[in-house]
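Asker: Sending over a structure as structure tokens; questions will come in a sec.
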Amino acid sequence: MQGDFFFFQRKSISDGTKNFVIIIPPPNVTGSLHLGHALTNAIQDSLIRWRRMSGYMTLWNPGCDHAGIATQVVVEKKLWREEKKTRHDIGRENFVNKVWQWKNEKGVRIYHQLKMLGASYDWERAAFTMDPKMCKAVSEAFIRLQEDGTIYRSNRLVNWSCTLKSAISDIEVDKVELPGRTFLSVPGYDEKVEFGVLVHFAYQVEGSDEKLIVATTRVETMLGDTAVAVHPKDDRYNHLHGKFVIHPFCDRKIPIIVDDFVELDFGTGVVKITPAHDPNDYEVGKRHNLPFITIFDDSGIVIGDYGKYTGMKRFHVRKQIIEDLKQLNLYIETKNNPMVVPICNRSKDVVEPMLKPQWYVNCGEMAAKAVEAVEKKQLRIMPEQHIKIWNHWMGGIRDWCISRQLWWGHRIPAYYVTLKDGKPVSQVEDENWVVAHNESEARQKASKKYNLKPEEITLTQDEDVLDTWFSSALFPFSVFGWPDETEDLRVFYPTTLLETGHDILFFWVARMVFMGQKLLGKLPFKEVYLHPIIRDAHGRKMSKSLGNVIDPMDVINGISLEDLHKQLSDGNLDPREIEKAKVGQKQDYPEGIPECGTDALRFALCAMCFGRDINLDINRIQGYRFFCNKIWNATRFALTYFAADFEAPAHLKLIGNESLMDLWMLSRAGSATRDVVNGLEGYDFVLATTSVYNLWLYDLCDVYLEYLKPIFMGNDENAKKVAMITLYRALHIGLRLLSPFMPFITEELYQRLPRPQEIKSKIPSICVESFPDKEREYINDNIEKDVDFIQKVAKAIRSARSDYNLPNKTKTEAYFKSNDPATSEALQKYSSALQTLAYCSKTVVNEASPEGCTIITVSDKCEVHLLLKGLIDPAKEIQKINKKMEFLNSTQKKLEQAMNVPDYSTKVPLEVQQSNTEKLAQTNTEVTRLEAALQALKLM
């Protein structure tokens with residue numbers, strides 16, 4: 001039944017039923033799922049299944065992202081590995097065809113994995129960001145935004161990845177802090193490169209013996225210096241204003257300029273200016289009309305007339321220039337320098353600021369409206385601590401560079417216009433562009449704009465593609481057919497909830513808000529829930545180079561350590577990183593990963609969904625696999641109690657002759673219903689999962705099913721009938737509460753419930769059952785309070801029996817003593833339940849107890865005299881307890897010695913101190929209990 005996707009389909013017809021619509025955060029089409037995806041899908045599927053069962057018209061729209069950079073890199077590596085060719089060797093059209101071929105081969109893997117996770121998407125609506133309707137939306141959005149001035153073209157510094165040969169946005173740059181001199185691996189270099197130092201060197205003043213000392217963390221950029229700057233109030237350099245220094249490696253005189261951005265008291269007070277390769281210097285260059293000299297090509301290789309440096313890689317130049325400065329007596333010193341290095345989070349290359357003409361989105365106005373939407377509570381962000389981060393980021397937002405120098409992606413619908421002789425139509429570079437859906441439309445627009453005949457114009461489409469996040473920002477409405485006024489768009493937009501990890505709050509969430517408000521005048525969703533980020537067991541970010549990225553399929557099916565190693569070798573990991581990754585895998589999974597199953601994985605991920613980070617615990621996931629086994633066995637056992645002619649109740653109304661334990665079981669089911677619904681409504685998945693876990697494990701399995709055993713073994717047919725109805729209700733409620741988290745096991749067991757045929761035909765699957773809610777009416781706080789006390793009594797008796805090694809089949813007699821009328825009444829009312837739960841043949845209240853009893857203090861209002869005479873051999877038991885006491889006393893002594901060493905509180909790690917304190921407390925409790933047992937034995 002679970003594979004029947006008919007239950008998940010929704011047509012674009014609204015009958016007035018309340019909608020619950022969410023969209024998938026589209027995973028990369030050529031990748032495979034990781035546990036972060038699994039967490040996202042576990043949460044979203046739980047919510048959509050709950051809402052579907054609660055009567056909402058639900059839609060969960062699936063899709064995949066074309067992942068411009070990631071996909072192109074994968075296919076380029078494959079092309080080189082298999083054919084020893086680059087994309088330039090085969091040309092753009094052939095390369096894009098290869099990417100489509102790769103997508104068609106590998107793209108289905110993601111959807112297969114999502115189905116394995118039980119994700120209840122409307123699969124007929126699956127969208128790919130390069131589908132024709134999505135491409136139409138992207139082009140329309142770009143054109144509208146460019147024509148209203150939101151998108152513009154500018155030649156300015158960008159974050160450039162020499163490995164990708166593309167610009168990247170600010171939020172794709174990781175700011176890596178270095179404490180000082182550090183050697184980093186950089187793509188394209190065999191040796192590690194030095195960072196975290198400040199190189200001091202001198203420029204010779206023209207016509208003088210004087211030298212000006214400057215300092216830089218990127219000495220290679222001195223090839224592009226076009227000025228040195230001093231502060232206008234720095235008296236040390238007044239005599240040099242307007243003079244020049246001589247560049248030692250090229251034919252260039254460099255002016256000495258004055259600018260108050262120079263810090264008077266920092267270093268020598270002289271700053272080198274490289275306008276084409278530094279953001280601060282860029283602004284100085286504009287103020288002083290300096291030359292902007294680009295010294296690197298797109299690959300980070302020196303270009304221009306620089307002698308031996310020309311053709312060298314940028315970080316090879318870094319080393320060589322220092323050697324040459326030494327030869328010229330211009331090198332001063334190298335100092336340790338804590339600093340931040342910008343790293344491309346896609347390629348792991350060191351970002352190079354480069355001057356490039358690019359397309360930008362003006363974000364200021366859109367960011368202000370996004371902040372206002374949150375302030376006015378039109379958009380709710382949860383957990384609320386992210387609101388402060390949202391406002392901070394929006395307040396300092398910079399315009400978004402959206403062009404990428406790639407071949408895979410949405411080609412920018414902009415055309416450069418020239419005359420037939422190749423001359424541009426305008427002297428202003430940015431005025432030579434028109435945007436259009438196709439070349440024919442562009443020709444008409446250009447003809448009108450420049451007052452030229454169409455045949456006089458030559459058009460060249462921009463080679464670049466759009467940032468992948470641009471198309472992703474349109475996803476909440478492009479999936480429903482925008483820009484066309486579709487029925488889907490009317491019914492399903494805006495969506496209800498956006499659920500994703502907090503790490504893409506600005507990559508994706510903010511940009512969807514921008515585009516929804518700008519293009520449709522509506523927020524794309526009403527609520528945003530940001531879940532934690534999954535890290536490994538040590539709290540480290542999951543990374544392929546560490547070998548700690550886990551495929552959820554490997555948790556579901558299990559995998560050996562050998563096969564985990566094989567995955568590393570079969571992937572795209574640098575051979576130098578493979579051995580390091582293998583060591584990490586062996587440390588974390590010495591026996592591989594055990595088979596846990598889909599339901600256990602989903603439930604575990606939801607149960608661990610709290611805070612900013614989740615440290616992965618495979619043992620906990622395996623623990624929920626055992627929980628699944630418990631549910632399966634308990635339900636199969638419970639089903640044996642139902643008579644062949646049993647009729648399931650069609651309503652919630654009580655029969656009227658339920659026992660107190662029947663009413664307690666229903667009350668616990670009602671309480672679990674309340675807590676699960678409250679948890680799901682408040683995105684408190686820990687509350688929801690804990691409540692349903694406790695209902696099954698502790699209430700149903702440990703207590704109620706145990707209580708029922710003598711009922712069904714007895715001869716009271718009426719009691720059996722009532723018990724069957726209560727048990728059915730408990731199972732029915734329990735399975736439905738669990739279903740959103742564990743769809744597979746609950747479906748299988750639901751189909752085995754003794755439901756009438758007419759009900760089965762109307763409700764063929766648990767996923768379209770009604771979710772418990774009205775069942776809250778079963779809650780009876782007084783009965784729950786009484787049974788909590790009774791369970792405490794039973795637990796005390798069982799603990800005492802364990803101390804004396806009494807097997808369950810050996811029954812004891814319990815004599816309860818209490819001066820409190822309410823306590824006495826509860827003990828009397830639940831006497832039969834206590835006999836079952838505490839393995840007693842007899843329970844009496846406030847009657848004389850015989851000799852040979854051990855005394856158990858449950859509370860200040862209840863004491864139990866447990867008859868042991870004739871059931872145990874006191875001498876043997878005394879011997880066993882004395883042996884235990886010897887061990888415990890030894891443990892006690894060792895712990896006390898360890899905790900009394902000098903400087904214990906300062907030298908011993910805090911976690912060790914806490915562990916020792918807990919162990920000592922447990923040992924002391926055990927000693928006290930055994931001493932009491934020993935005294936009782938001595939009196940027998």
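In the structure tokens, the first chain shown is A, the next is B, and so on; residue numbers restart at 1 for each chain, and ligands run from 1 in the order shown.
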What parts of range 35-226 of chain A does DSSP call helix (DSSP H, G or I)? I'd like the answer as a PyMOL selection string.

Answerer: chain A and resi 35-53+68-83+87-90+92-116+123-125+132-147+170-172+219-224

Asker: Check the DSSP output for the backbone and give back, as a ChimeraX atom specification, the residues of range 833-928 of chain A in strand (DSSP E).

Answerer: /A:840-845,853-859,862-867

Asker: Could you check how far CA of Glu147 in chain A sits from CA of Met134 in chain A, in Å to one decimal?

Answerer: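 CA of Met134 in chain A lies 20.1 Å from CA of Glu147 in chain A.
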
Asker: Residues near Leu145 in chain A, anyone? I mean within 9 Å using only C-alpha atoms, not counting same-chain ones fewer than 4 positions away, as an MDAnalysis selection string.

Answerer: chainID A and resid 140:141 149:152 361 518:519

Asker: Please dump the current selection as a PDB file, in the first residue's frame; keep C-alpha atoms.

Answerer:
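Output below, filename out_11.pdb:
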```pdb
ATOM      1  CA  GLU A 140      10.889  35.975 -17.512  1.00  0.00           C
ATOM      2  CA  ALA A 141      12.167  36.820 -14.028  1.00  0.00           C
ATOM      3  CA  GLY A 149      16.377  48.267 -12.880  1.00  0.00           C
ATOM      4  CA  THR A 150      16.632  45.622 -10.170  1.00  0.00           C
ATOM      5  CA  ILE A 151      19.142  43.671 -12.273  1.00  0.00           C
ATOM      6  CA  TYR A 152      22.023  45.683 -13.721  1.00  0.00           C
ATOM      7  CA  VAL A 361      20.697  42.036  -8.368  1.00  0.00           C
ATOM      8  CA  LYS A 518       9.096  41.359  -5.953  1.00  0.00           C
ATOM      9  CA  LEU A 519       7.545  39.336  -8.762  1.00  0.00           C
TER      10      LEU A 519
END
```

Asker: Please compute the CA of Asn28 in chain A-CA of Lys526 in chain A distance, one decimal, in Å.

Answerer: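 It comes out at 25.4 Å.
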
Asker: I'd like the interatomic distance between CA of Pro740 in chain A and CA of Arg49 in chain A, to a tenth of an Å.

Answerer: 5.2 Å

Asker: Mind checking which residues fall within 9 Å of range 253-255 of chain A, counting only C-alpha atoms, ignoring those fewer than 5 positions away in the same chain, and posting them as a ChimeraX atom specification?

Answerer: /A:206,225-229,241-247
